[in-house]
Every structure is written in structure tokens, then in C-alpha cells.
file data.cif (mmCIF, C-alpha atoms)
data_my_file
loop_
_atom_site.group_PDB
_atom_site.id
_atom_site.type_symbol
_atom_site.label_atom_id
_atom_site.label_comp_id
_atom_site.auth_asym_id
_atom_site.auth_seq_id
_atom_site.Cartn_x
_atom_site.Cartn_y
_atom_site.Cartn_z
ATOM 1 C CA MET A 1 -12.734 4.043 20.937
ATOM 2 C CA ARG A 2 -14.653 1.941 18.413
ATOM 3 C CA VAL A 3 -12.329 0.136 16.001
ATOM 4 C CA SER A 4 -13.356 -1.843 12.907
ATOM 5 C CA VAL A 5 -10.785 -4.209 11.404
ATOM 6 C CA ILE A 6 -11.604 -5.230 7.822
ATOM 7 C CA THR A 7 -10.909 -8.802 6.726
ATOM 8 C CA PHE A 8 -10.398 -9.488 3.018
ATOM 9 C CA PRO A 9 -9.899 -12.963 1.603
ATOM 10 C CA GLY A 10 -6.154 -13.370 2.158
ATOM 11 C CA SER A 11 -5.782 -10.872 5.033
ATOM 12 C CA ASN A 12 -3.514 -12.389 7.678
ATOM 13 C CA CYS A 13 -2.796 -9.604 10.162
ATOM 14 C CA ASP A 14 -6.429 -8.829 10.931
ATOM 15 C CA HIS A 15 -6.450 -10.869 14.140
ATOM 16 C CA ASP A 16 -3.157 -9.344 15.302
ATOM 17 C CA ALA A 17 -4.643 -5.866 14.923
ATOM 18 C CA TYR A 18 -7.898 -6.971 16.554
ATOM 19 C CA GLU A 19 -6.062 -8.458 19.557
ATOM 20 C CA VAL A 20 -4.003 -5.317 20.103
ATOM 21 C CA PHE A 21 -6.987 -2.950 20.147
ATOM 22 C CA GLN A 22 -9.114 -5.366 22.157
ATOM 23 C CA ALA A 23 -6.353 -5.773 24.769
ATOM 24 C CA ARG A 24 -6.036 -1.994 25.013
ATOM 25 C CA GLY A 25 -9.694 -1.831 26.030
ATOM 26 C CA HIS A 26 -11.288 -0.624 22.797
ATOM 27 C CA HIS A 27 -14.579 -1.807 21.388
ATOM 28 C CA THR A 28 -13.135 -3.755 18.463
ATOM 29 C CA ALA A 29 -15.025 -5.509 15.658
ATOM 30 C CA MET A 30 -13.993 -7.675 12.735
ATOM 31 C CA VAL A 31 -15.798 -6.702 9.538
ATOM 32 C CA TRP A 32 -15.977 -9.034 6.528
ATOM 33 C CA HIS A 33 -15.157 -7.544 3.125
ATOM 34 C CA LYS A 34 -18.588 -8.451 1.712
ATOM 35 C CA ASP A 35 -20.374 -6.523 4.457
ATOM 36 C CA THR A 36 -21.693 -3.067 3.715
ATOM 37 C CA ASP A 37 -21.737 -1.719 7.273
ATOM 38 C CA ILE A 38 -18.491 -0.639 8.926
ATOM 39 C CA LEU A 39 -20.284 -0.445 12.327
ATOM 40 C CA GLN A 40 -19.847 3.278 13.050
ATOM 41 C CA PRO A 41 -16.190 3.154 14.033
ATOM 42 C CA ASP A 42 -13.849 5.873 15.242
ATOM 43 C CA LEU A 43 -11.019 4.115 13.439
ATOM 44 C CA VAL A 44 -10.888 1.651 10.530
ATOM 45 C CA ILE A 45 -7.922 -0.691 10.157
ATOM 46 C CA LEU A 46 -7.059 -2.146 6.751
ATOM 47 C CA PRO A 47 -4.745 -4.942 7.874
ATOM 48 C CA GLY A 48 -1.757 -6.644 6.327
ATOM 49 C CA GLY A 49 -1.871 -9.809 4.266
ATOM 50 C CA PHE A 50 -2.344 -10.816 0.671
ATOM 51 C CA SER A 51 -5.869 -9.729 -0.219
ATOM 52 C CA TYR A 52 -7.087 -11.651 -3.275
ATOM 53 C CA GLY A 53 -3.718 -13.401 -3.449
ATOM 54 C CA ASP A 54 -2.078 -10.145 -4.589
ATOM 55 C CA TYR A 55 -3.397 -11.014 -8.064
ATOM 56 C CA LEU A 56 -2.832 -8.421 -10.811
ATOM 57 C CA ARG A 57 -1.322 -5.850 -8.382
ATOM 58 C CA CYS A 58 -1.269 -5.843 -4.585
ATOM 59 C CA GLY A 59 -4.482 -4.246 -3.350
ATOM 60 C CA ALA A 60 -5.952 -3.785 -6.836
ATOM 61 C CA LEU A 61 -8.808 -6.262 -6.426
ATOM 62 C CA ALA A 62 -9.614 -5.438 -2.791
ATOM 63 C CA ARG A 63 -10.615 -2.005 -4.032
ATOM 64 C CA PHE A 64 -13.775 -3.570 -5.495
ATOM 65 C CA SER A 65 -14.914 -5.281 -2.270
ATOM 66 C CA PRO A 66 -18.288 -3.899 -1.127
ATOM 67 C CA ILE A 67 -16.910 -2.732 2.239
ATOM 68 C CA VAL A 68 -14.244 -0.572 0.591
ATOM 69 C CA LYS A 69 -16.915 1.781 -0.774
ATOM 70 C CA GLU A 70 -17.998 2.352 2.831
ATOM 71 C CA VAL A 71 -14.415 2.837 3.999
ATOM 72 C CA VAL A 72 -13.786 5.387 1.233
ATOM 73 C CA SER A 73 -16.921 7.326 2.088
ATOM 74 C CA PHE A 74 -16.004 7.187 5.822
ATOM 75 C CA ALA A 75 -12.527 8.528 4.994
ATOM 76 C CA GLN A 76 -13.906 11.254 2.756
ATOM 77 C CA LYS A 77 -16.024 12.461 5.669
ATOM 78 C CA GLY A 78 -12.876 12.742 7.794
ATOM 79 C CA GLY A 79 -12.991 9.323 9.509
ATOM 80 C CA LEU A 80 -9.672 7.867 10.691
ATOM 81 C CA VAL A 81 -8.329 5.070 8.501
ATOM 82 C CA MET A 82 -5.042 3.254 9.021
ATOM 83 C CA GLY A 83 -3.707 0.910 6.334
ATOM 84 C CA ILE A 84 -0.887 -1.372 7.365
ATOM 85 C CA CYS A 85 1.233 -3.132 4.718
ATOM 86 C CA ASN A 86 -1.374 -4.623 2.333
ATOM 87 C CA GLY A 87 -3.748 -2.019 3.787
ATOM 88 C CA PHE A 88 -1.364 0.707 2.559
ATOM 89 C CA GLN A 89 -1.323 -0.916 -0.884
ATOM 90 C CA ILE A 90 -5.140 -0.958 -0.908
ATOM 91 C CA LEU A 91 -5.266 2.731 0.093
ATOM 92 C CA THR A 92 -3.056 3.730 -2.858
ATOM 93 C CA GLU A 93 -5.180 1.627 -5.223
ATOM 94 C CA THR A 94 -8.380 3.304 -4.002
ATOM 95 C CA GLY A 95 -6.790 6.713 -4.531
ATOM 96 C CA LEU A 96 -7.195 7.699 -0.858
ATOM 97 C CA LEU A 97 -3.392 7.939 -0.764
ATOM 98 C CA PRO A 98 -1.108 8.978 -3.632
ATOM 99 C CA GLY A 99 1.689 6.899 -5.154
ATOM 100 C CA ALA A 100 2.076 3.156 -5.508
ATOM 101 C CA LEU A 101 3.971 0.312 -3.869
ATOM 102 C CA LEU A 102 6.272 -1.489 -6.279
ATOM 103 C CA MET A 103 8.297 -4.633 -5.886
ATOM 104 C CA ASN A 104 11.244 -4.341 -3.480
ATOM 105 C CA SER A 105 14.370 -3.282 -5.339
ATOM 106 C CA GLN A 106 16.152 -6.551 -4.468
ATOM 107 C CA LEU A 107 13.114 -8.643 -5.559
ATOM 108 C CA LYS A 108 12.883 -10.436 -2.224
ATOM 109 C CA PHE A 109 10.257 -10.752 0.457
ATOM 110 C CA ILE A 110 11.768 -9.087 3.525
ATOM 111 C CA CYS A 111 10.672 -10.036 7.042
ATOM 112 C CA ARG A 112 12.744 -8.422 9.760
ATOM 113 C CA HIS A 113 12.937 -5.677 12.350
ATOM 114 C CA GLN A 114 13.394 -2.230 10.888
ATOM 115 C CA TYR A 115 14.069 1.166 12.406
ATOM 116 C CA LEU A 116 11.704 3.977 11.471
ATOM 117 C CA ARG A 117 11.925 7.655 12.149
ATOM 118 C CA VAL A 118 8.794 9.529 13.099
ATOM 119 C CA GLU A 119 8.967 12.563 10.806
ATOM 120 C CA SER A 120 5.932 14.474 11.991
ATOM 121 C CA ALA A 121 3.862 14.594 15.165
ATOM 122 C CA ASN A 122 1.207 16.441 13.194
ATOM 123 C CA SER A 123 -1.063 13.424 12.645
ATOM 124 C CA PRO A 124 -3.611 11.482 14.690
ATOM 125 C CA PHE A 125 -1.259 8.505 14.456
ATOM 126 C CA THR A 126 1.838 10.228 15.857
ATOM 127 C CA LYS A 127 0.310 12.865 18.120
ATOM 128 C CA GLY A 128 2.685 13.535 21.010
ATOM 129 C CA ILE A 129 5.606 11.567 19.544
ATOM 130 C CA GLU A 130 8.514 13.917 19.053
ATOM 131 C CA ALA A 131 9.696 14.188 15.439
ATOM 132 C CA GLY A 132 12.981 12.323 15.093
ATOM 133 C CA THR A 133 11.948 9.536 17.468
ATOM 134 C CA VAL A 134 13.273 6.179 16.238
ATOM 135 C CA LEU A 135 10.969 3.145 16.485
ATOM 136 C CA ASP A 136 11.847 -0.520 16.033
ATOM 137 C CA ILE A 137 8.956 -2.065 14.108
ATOM 138 C CA PRO A 138 8.925 -5.208 11.934
ATOM 139 C CA ILE A 139 8.415 -5.138 8.185
ATOM 140 C CA ALA A 140 7.180 -8.096 6.136
ATOM 141 C CA HIS A 141 6.556 -7.431 2.457
ATOM 142 C CA LYS A 142 7.696 -7.964 -1.097
ATOM 143 C CA GLU A 143 5.951 -4.933 -2.592
ATOM 144 C CA GLY A 144 6.858 -2.105 -0.241
ATOM 145 C CA ASN A 145 8.964 0.035 -2.526
ATOM 146 C CA PHE A 146 7.022 3.291 -2.383
ATOM 147 C CA PHE A 147 6.998 5.200 -5.650
ATOM 148 C CA ILE A 148 5.555 8.559 -6.603
ATOM 149 C CA ASP A 149 6.480 10.933 -9.426
ATOM 150 C CA GLU A 150 8.664 13.966 -8.746
ATOM 151 C CA ALA A 151 5.800 16.447 -8.433
ATOM 152 C CA GLY A 152 3.942 14.072 -6.111
ATOM 153 C CA LEU A 153 7.020 13.609 -3.924
ATOM 154 C CA LYS A 154 7.501 17.348 -3.642
ATOM 155 C CA GLY A 155 3.829 17.651 -2.697
ATOM 156 C CA LEU A 156 4.273 15.105 0.119
ATOM 157 C CA GLN A 157 7.458 16.808 1.359
ATOM 158 C CA ASP A 158 5.996 20.313 1.269
ATOM 159 C CA SER A 159 2.773 19.334 3.045
ATOM 160 C CA ASP A 160 4.454 17.440 5.905
ATOM 161 C CA SER A 161 2.728 14.273 4.681
ATOM 162 C CA ILE A 162 5.668 11.901 5.134
ATOM 163 C CA ILE A 163 5.024 10.465 8.584
ATOM 164 C CA PHE A 164 7.619 7.665 8.749
ATOM 165 C CA ARG A 165 10.937 7.113 7.010
ATOM 166 C CA TYR A 166 13.201 4.056 7.145
ATOM 167 C CA CYS A 167 16.405 4.693 9.050
ATOM 168 C CA ASP A 168 19.102 2.987 11.112
ATOM 169 C CA ALA A 169 19.282 2.735 14.928
ATOM 170 C CA GLU A 170 20.729 6.262 15.095
ATOM 171 C CA GLY A 171 17.899 7.721 13.044
ATOM 172 C CA GLN A 172 20.142 8.278 10.023
ATOM 173 C CA TYR A 173 18.781 7.502 6.549
ATOM 174 C CA ARG A 174 21.288 4.735 5.977
ATOM 175 C CA ASP A 175 19.008 1.711 5.938
ATOM 176 C CA ASN A 176 16.419 1.631 3.176
ATOM 177 C CA PRO A 177 15.182 -1.979 3.046
ATOM 178 C CA ASN A 178 13.218 -1.907 -0.204
ATOM 179 C CA GLY A 179 14.327 1.009 -2.378
ATOM 180 C CA ALA A 180 11.410 3.271 -1.401
ATOM 181 C CA ILE A 181 11.756 6.773 -2.803
ATOM 182 C CA ASP A 182 13.018 9.278 -0.188
ATOM 183 C CA ASN A 183 13.109 6.382 2.357
ATOM 184 C CA ILE A 184 9.331 6.654 2.733
ATOM 185 C CA ALA A 185 7.748 4.084 5.052
ATOM 186 C CA GLY A 186 4.429 5.820 5.743
ATOM 187 C CA ILE A 187 2.411 8.779 4.466
ATOM 188 C CA ILE A 188 -0.774 10.612 5.325
ATOM 189 C CA ASN A 189 -3.399 12.165 3.032
ATOM 190 C CA ALA A 190 -4.074 15.874 2.636
ATOM 191 C CA GLY A 191 -6.964 15.693 5.128
ATOM 192 C CA ARG A 192 -4.552 14.108 7.653
ATOM 193 C CA ASN A 193 -7.012 11.344 8.544
ATOM 194 C CA VAL A 194 -5.817 8.473 6.319
ATOM 195 C CA LEU A 195 -2.434 6.888 7.071
ATOM 196 C CA GLY A 196 -0.658 4.164 5.127
ATOM 197 C CA MET A 197 2.479 2.482 6.426
ATOM 198 C CA MET A 198 4.392 -0.624 5.357
ATOM 199 C CA PRO A 199 5.780 -1.586 8.810
ATOM 200 C CA HIS A 200 3.600 -3.529 11.246
ATOM 201 C CA PRO A 201 3.104 -1.710 14.584
ATOM 202 C CA GLU A 202 0.601 -4.411 15.638
ATOM 203 C CA ARG A 203 3.493 -6.884 15.647
ATOM 204 C CA ALA A 204 5.372 -4.774 18.178
ATOM 205 C CA ALA A 205 2.661 -3.993 20.691
ATOM 206 C CA THR A 206 2.452 -6.875 23.139
ATOM 207 C CA ASP A 207 4.784 -7.815 25.980
ATOM 208 C CA SER A 208 5.456 -11.229 24.449
ATOM 209 C CA VAL A 209 7.476 -9.815 21.524
ATOM 210 C CA SER A 210 10.943 -8.285 21.539
ATOM 211 C CA SER A 211 9.995 -4.729 20.528
ATOM 212 C CA GLN A 212 7.053 -2.836 21.972
ATOM 213 C CA ASP A 213 7.632 0.335 19.966
ATOM 214 C CA GLY A 214 4.357 -0.167 18.079
ATOM 215 C CA LYS A 215 2.573 0.753 21.310
ATOM 216 C CA LYS A 216 3.768 4.338 20.846
ATOM 217 C CA ILE A 217 1.657 4.606 17.692
ATOM 218 C CA PHE A 218 -1.433 3.140 19.361
ATOM 219 C CA GLU A 219 -0.916 5.441 22.354
ATOM 220 C CA ALA A 220 -0.708 8.389 19.963
ATOM 221 C CA ILE A 221 -4.031 7.417 18.370
ATOM 222 C CA GLU A 222 -5.560 7.176 21.847
ATOM 223 C CA ARG A 223 -4.173 10.618 22.779
ATOM 224 C CA TYR A 224 -5.692 12.066 19.624
ATOM 225 C CA PHE A 225 -9.027 10.391 20.286
ATOM 226 C CA ASP A 226 -9.130 11.507 23.938
ATOM 227 C CA ALA A 227 -8.275 15.085 22.981
ATOM 228 C CA ALA A 228 -10.972 15.118 20.283
ATOM 229 C CA ASN A 229 -13.721 13.765 22.552
ATOM 230 C CA MET B 230 -15.687 -13.008 -31.396
ATOM 231 C CA LEU B 231 -12.964 -10.506 -30.720
ATOM 232 C CA LYS B 232 -9.814 -11.010 -28.717
ATOM 233 C CA ALA B 233 -8.092 -8.064 -27.032
ATOM 234 C CA LYS B 234 -4.346 -8.474 -26.602
ATOM 235 C CA ILE B 235 -3.430 -6.053 -23.853
ATOM 236 C CA PHE B 236 0.047 -5.016 -22.759
ATOM 237 C CA VAL B 237 0.522 -3.249 -19.427
ATOM 238 C CA GLN B 238 3.957 -1.718 -19.032
ATOM 239 C CA LEU B 239 5.746 0.206 -16.304
ATOM 240 C CA LYS B 240 6.284 3.832 -17.280
ATOM 241 C CA PRO B 241 9.855 4.492 -18.454
ATOM 242 C CA SER B 242 10.412 6.689 -15.365
ATOM 243 C CA VAL B 243 9.592 3.789 -13.005
ATOM 244 C CA LEU B 244 12.407 1.491 -11.936
ATOM 245 C CA ASP B 245 11.778 -2.128 -12.929
ATOM 246 C CA PRO B 246 13.741 -4.354 -10.510
ATOM 247 C CA GLN B 247 12.667 -7.534 -12.323
ATOM 248 C CA GLY B 248 13.834 -6.155 -15.666
ATOM 249 C CA LYS B 249 17.129 -5.157 -14.075
ATOM 250 C CA ALA B 250 17.633 -8.662 -12.687
ATOM 251 C CA VAL B 251 16.950 -10.140 -16.144
ATOM 252 C CA THR B 252 19.445 -7.715 -17.707
ATOM 253 C CA ASN B 253 22.088 -8.775 -15.165
ATOM 254 C CA SER B 254 21.415 -12.453 -15.827
ATOM 255 C CA LEU B 255 21.668 -11.935 -19.589
ATOM 256 C CA HIS B 256 25.011 -10.180 -19.112
ATOM 257 C CA ASN B 257 26.184 -13.099 -16.962
ATOM 258 C CA LEU B 258 25.167 -15.441 -19.775
ATOM 259 C CA GLY B 259 27.377 -13.502 -22.144
ATOM 260 C CA PHE B 260 24.789 -11.440 -24.044
ATOM 261 C CA ALA B 261 27.004 -8.409 -23.843
ATOM 262 C CA LYS B 262 24.977 -6.315 -26.288
ATOM 263 C CA VAL B 263 21.871 -6.376 -24.104
ATOM 264 C CA LEU B 264 21.304 -2.810 -22.897
ATOM 265 C CA GLU B 265 18.078 -3.104 -20.966
ATOM 266 C CA SER B 266 15.093 -5.374 -20.405
ATOM 267 C CA ARG B 267 11.707 -4.334 -19.047
ATOM 268 C CA ILE B 268 9.075 -6.770 -17.775
ATOM 269 C CA SER B 269 5.462 -6.174 -18.843
ATOM 270 C CA LYS B 270 2.131 -7.900 -18.312
ATOM 271 C CA TYR B 271 0.271 -9.419 -21.244
ATOM 272 C CA ILE B 272 -3.438 -10.083 -20.826
ATOM 273 C CA GLU B 273 -5.843 -11.657 -23.343
ATOM 274 C CA ILE B 274 -9.563 -11.015 -23.052
ATOM 275 C CA THR B 275 -12.108 -12.632 -25.361
ATOM 276 C CA PHE B 276 -15.349 -10.780 -26.124
ATOM 277 C CA ASP B 277 -18.617 -12.150 -27.436
ATOM 278 C CA SER B 278 -18.890 -9.291 -29.915
ATOM 279 C CA GLN B 279 -18.073 -8.370 -33.515
ATOM 280 C CA ASP B 280 -18.237 -4.642 -32.959
ATOM 281 C CA ARG B 281 -14.690 -3.315 -32.885
ATOM 282 C CA ASP B 282 -15.580 0.230 -31.792
ATOM 283 C CA LEU B 283 -17.768 -0.844 -28.884
ATOM 284 C CA THR B 284 -15.245 -3.458 -27.787
ATOM 285 C CA ALA B 285 -12.368 -0.986 -28.011
ATOM 286 C CA ALA B 286 -14.306 1.413 -25.786
ATOM 287 C CA GLU B 287 -14.879 -1.383 -23.315
ATOM 288 C CA VAL B 288 -11.203 -2.397 -23.315
ATOM 289 C CA GLU B 289 -10.254 1.216 -22.577
ATOM 290 C CA LYS B 290 -12.579 1.206 -19.591
ATOM 291 C CA ILE B 291 -11.235 -2.145 -18.386
ATOM 292 C CA CYS B 292 -7.637 -0.938 -18.607
ATOM 293 C CA LYS B 293 -8.351 2.347 -16.865
ATOM 294 C CA SER B 294 -10.468 0.897 -14.072
ATOM 295 C CA LEU B 295 -8.477 -2.230 -13.267
ATOM 296 C CA LEU B 296 -5.680 -3.581 -15.433
ATOM 297 C CA ALA B 297 -3.283 -0.617 -15.329
ATOM 298 C CA ASN B 298 -2.349 1.619 -12.412
ATOM 299 C CA PRO B 299 -2.136 5.126 -13.924
ATOM 300 C CA ASN B 300 0.474 6.128 -11.324
ATOM 301 C CA THR B 301 3.039 3.661 -12.560
ATOM 302 C CA GLU B 302 1.835 1.950 -15.727
ATOM 303 C CA THR B 303 0.762 2.564 -19.317
ATOM 304 C CA TYR B 304 -1.178 0.203 -21.582
ATOM 305 C CA HIS B 305 -1.799 -0.507 -25.218
ATOM 306 C CA TYR B 306 -3.761 -3.202 -26.994
ATOM 307 C CA GLU B 307 -4.841 -4.651 -30.284
ATOM 308 C CA LEU B 308 -8.124 -6.320 -31.242
ATOM 309 C CA GLN B 309 -8.136 -9.469 -33.292
ATOM 310 C CA GLU B 310 -11.049 -11.359 -34.843
ATOM 311 C CA ILE B 311 -11.104 -14.991 -33.839
#

call {"tool": "encode", "arguments": {"input": "data.cif", "output": "C-alpha cells"}}
result
Amino acid sequence: MRVSVITFPGSNCDHDAYEVFQARGHHTAMVWHKDTDILQPDLVILPGGFSYGDYLRCGALARFSPIVKEVVSFAQKGGLVMGICNGFQILTETGLLPGALLMNSQLKFICRHQYLRVESANSPFTKGIEAGTVLDIPIAHKEGNFFIDEAGLKGLQDSDSIIFRYCDAEGQYRDNPNGAIDNIAGIINAGRNVLGMMPHPERAATDSVSSQDGKKIFEAIERYFDAAN
Amino acid sequence: MLKAKIFVQLKPSVLDPQGKAVTNSLHNLGFAKVLESRISKYIEITFDSQDRDLTAAEVEKICKSLLANPNTETYHYELQEI
């Protein structure tokens, strides 16, 4: 698989994502935000961090980086795009994903392990993971409180677009770290090729860290890619 | 020159955790009559122009394309000669 990881000024999880895909044997490239060529990838990663210092609103300024035009056009043609944390914020600002990420309800930056429930296997990012599976994946954000109006929320629910929800170790919706509406941790677009998630699977995908549950997501992407090619 | 004074506010339907924290603090300080506080952004932009209509059209574009997120925020502004 060819993977392009985009680096914005202020990205800080780009190398983590790069290392994970590289170690898994994929042809992985780092792409600078001022570039205009995304290098014909099978998957684009918008990584976590603080693009443009989170000025104005998280992700708002990254939207105007030259490379984002290319990412949007790639996504509109059905290309796989995964936005993690700040990448999710950028995807909502570009309009590729609905809703917005507001400040955490308790106003604090939260960095900790968090349980997530996989809500749908019907996505390239969760293919083959049984719905209801609980994953232990770190979160690290201050603006992760997903918000969407009532009609938008119903649209996400009815179209099976909520891919991850925050939960406790038993998979019950009793641990919402940031006030996100309907416990939403990750959503997919209508075309089911653009995923945004606040948790960081790339921080739980190497043997040197305490949870390796992020690997399940990368394995799912690989299953999808192998089946499609 | 013209100065645009732009306010970007969270929609009433959107929870404002910062505003809530300020309300709680004001209650703790004894301002018992405070019902609610909402935090907004205030942005000043200076234009090298005297034309109010053209500048207003430009401010609209600026707000729509960058300063306000239509999903969660509304905006209003006034123009002032300086």
C-alpha cells in the first residue's frame, strides 16, 4: 500500500504515523503542506498535532494549505483519507466530514488511555472487526468534543456513519471523556472513504507501548486494501 | 480607512464550556444574579478603503470563508471610519 502522511506546520504525530506504516511494510512518504503532489497514494493520513498553532479554530487555517486542495480532490474521487485528532478537526473544517470539534466540556487537555467501541465494520478502517469490539487507544486533545446539530446527528446514526464511540472497559457508554455528542469518537463520510477520529491508533501500534489495539485498525485497512486489489 | 469590528459567537444551541466556567466563577464570587455568560471572539480588521458597501461585501466573504464556522458559529459586525 502507498501511504502519504501530510505534515503541516505544528503537526506532531506525523512521524508516529509514518513509522507505523513503514514498519508494517508499506511504501510510506512524508508530504509537506506546501507541496501540491500527494504522490499517488492509496491512503492519505492527516496526522495529529496543532497545525498553525490551532489559531482561530483548530484545523481552520490548515484548510488553506496548498496540499489540502489535492487531498480534497483525492477524497472526492473516492481515495481513502484518515484524519487523526487534528486531522479530524481539519476534515470537518474542509467540509469532507460534517460537524465540528469544540472544546472539551471540562476545558482541559486530556491525555490518557481511552476505551472505544467499534460501532460498524462497514468501513475500510474497521473491515473485519466485529461491531461491539472494545479497543484501548490513547486520546490527547483539548478540542475533541464532537458537535453536530440534531438533524446531522440523526443523519450519522441512520447512515451507519458513527464508526467509534467512547465507552468503558465493558463497552458500555459510561465514559465520555470530552462531552462529545452521542459519545462520538470517530465518523465516516457518506462515501465511506474519509474517516475522522480523535483517538490515536498510531500510539497503540508498536510492541514498545502498553496497548497494541491500534494495530487492529491498521490491519483492517490492510484487509480492505488486499480485498480491493 | 475603515475598521470592521467583527463578533463571532457560538450559536445558542451550542454548549459553551468556557462561558459555563465563567458563570460558575461569577456565582462563586457572589454575583448571584448572573444567569449565563457566553464567550465570543472579537476581531478588528482595518481596510484601506472608504467604500462601505464594497468593504461590507468583503467582510461578509471573510467571515464566511474563514472567521466563523457555519456549523457552530454566527457573526455580526459594524464598520467604522477611522

call {"tool": "residues_around", "arguments": {"input": "data.cif", "residues": "stretch 267-280 of chain B", "least_positions_apart": "2", "cutoff": "10 Å", "atoms": "all atoms listed in the file", "output": "ChimeraX atom specification"}}
result
/A:56 /B:230-241,244-252,265,282-285,287-288,296-297,302-311

call {"tool": "atom_distance", "arguments": {"input": "data.cif", "atom1": "atom CA of A:Glu150", "atom2": "atom CA of A:Arg165"}}
result
17.3 Å

call {"tool": "residues_around", "arguments": {"input": "data.cif", "residues": "A:Gly155", "least_positions_apart": "4", "cutoff": "12 Å", "atoms": "all atoms listed in the file", "output": "PyMOL selection string"}}
result
chain A and resi 98-99+148-151+159-162+187-190

call {"tool": "resolve_selection", "arguments": {"input": "data.cif", "expression": "the PyMOL selection byres ((chain A) within 7 of (chain B))", "output": "list of chain:residue names"}}
result
A:Gly99, A:Ala100, A:Ser105, A:Gln106, A:Leu107

call {"tool": "resolve_selection", "arguments": {"input": "data.cif", "expression": "the PyMOL selection byres ((chain A and resi 32-42) around 7)", "output": "PyMOL selection string"}}
result
chain A and resi 1-4+6-8+30-31+43-44+65-67+70+79-80

call {"tool": "resolve_selection", "arguments": {"input": "data.cif", "expression": "the PyMOL selection byres ((chain A and resi 115) around 7)", "output": "list in words"}}
result
His113, Gln114, Leu116, Arg117, Val134, Leu135, Asp136, Ile137, Tyr166, Cys167, Asp168 and Ala169 of chain A

call {"tool": "axis_aligned_box", "arguments": {"input": "data.cif", "around": "stretch 175-185 of chain A", "padding_each_side": "4 Å", "output": "lines of an AutoDock Vina configuration file"}}
result
center_x = 13.4
center_y = 3.6
center_z = 1.6
size_x = 19.3
size_y = 19.3
size_z = 16.7

call {"tool": "atom_distance", "arguments": {"input": "data.cif", "atom1": "atom CA of A:Cys111", "atom2": "atom CA of A:Tyr173"}}
result
19.3 Å

call {"tool": "atom_distance", "arguments": {"input": "data.cif", "atom1": "atom CA of A:Ser211", "atom2": "atom CA of A:Asn183"}}
result
21.5 Å

call {"tool": "residues_around", "arguments": {"input": "data.cif", "residues": "A:Lys215", "least_positions_apart": "2", "cutoff": "12 Å", "atoms": "all atoms listed in the file", "output": "list of chain:residue names"}}
result
A:Ala17, A:Val20, A:Phe21, A:Ala23, A:Arg24, A:Phe125, A:Thr126, A:Ile129, A:Leu135, A:Asp136, A:Ile137, A:His200, A:Pro201, A:Glu202, A:Arg203, A:Ala204, A:Ala205, A:Thr206, A:Asp207, A:Val209, A:Ser211, A:Gln212, A:Asp213, A:Ile217, A:Phe218, A:Glu219, A:Ala220, A:Ile221, A:Glu222

call {"tool": "residues_around", "arguments": {"input": "data.cif", "residues": "A:Lys127", "least_positions_apart": "4", "cutoff": "7 Å", "atoms": "only C-alpha atoms", "output": "ChimeraX atom specification"}}
result
/A:121-123,220-221,223-224

call {"tool": "write_last_selection", "arguments": {"input": "data.cif", "atoms": "C-alpha atoms", "output": "short mmCIF file (atom, residue, chain, number, x, y, z; two decimals), keeping the file's coordinate frame"}}
result
data_model
loop_
_atom_site.label_atom_id
_atom_site.label_comp_id
_atom_site.auth_asym_id
_atom_site.auth_seq_id
_atom_site.Cartn_x
_atom_site.Cartn_y
_atom_site.Cartn_z
CA ALA A 121 3.86 14.59 15.16
CA ASN A 122 1.21 16.44 13.19
CA SER A 123 -1.06 13.42 12.64
CA ALA A 220 -0.71 8.39 19.96
CA ILE A 221 -4.03 7.42 18.37
CA ARG A 223 -4.17 10.62 22.78
CA TYR A 224 -5.69 12.07 19.62
#

call {"tool": "closest_residue", "arguments": {"input": "data.cif", "among": "A:Ala75, A:Leu91, A:Leu153, A:Ala185", "to": "A:Glu119", "atoms": "all atoms listed in the file"}}
result
A:Ala185
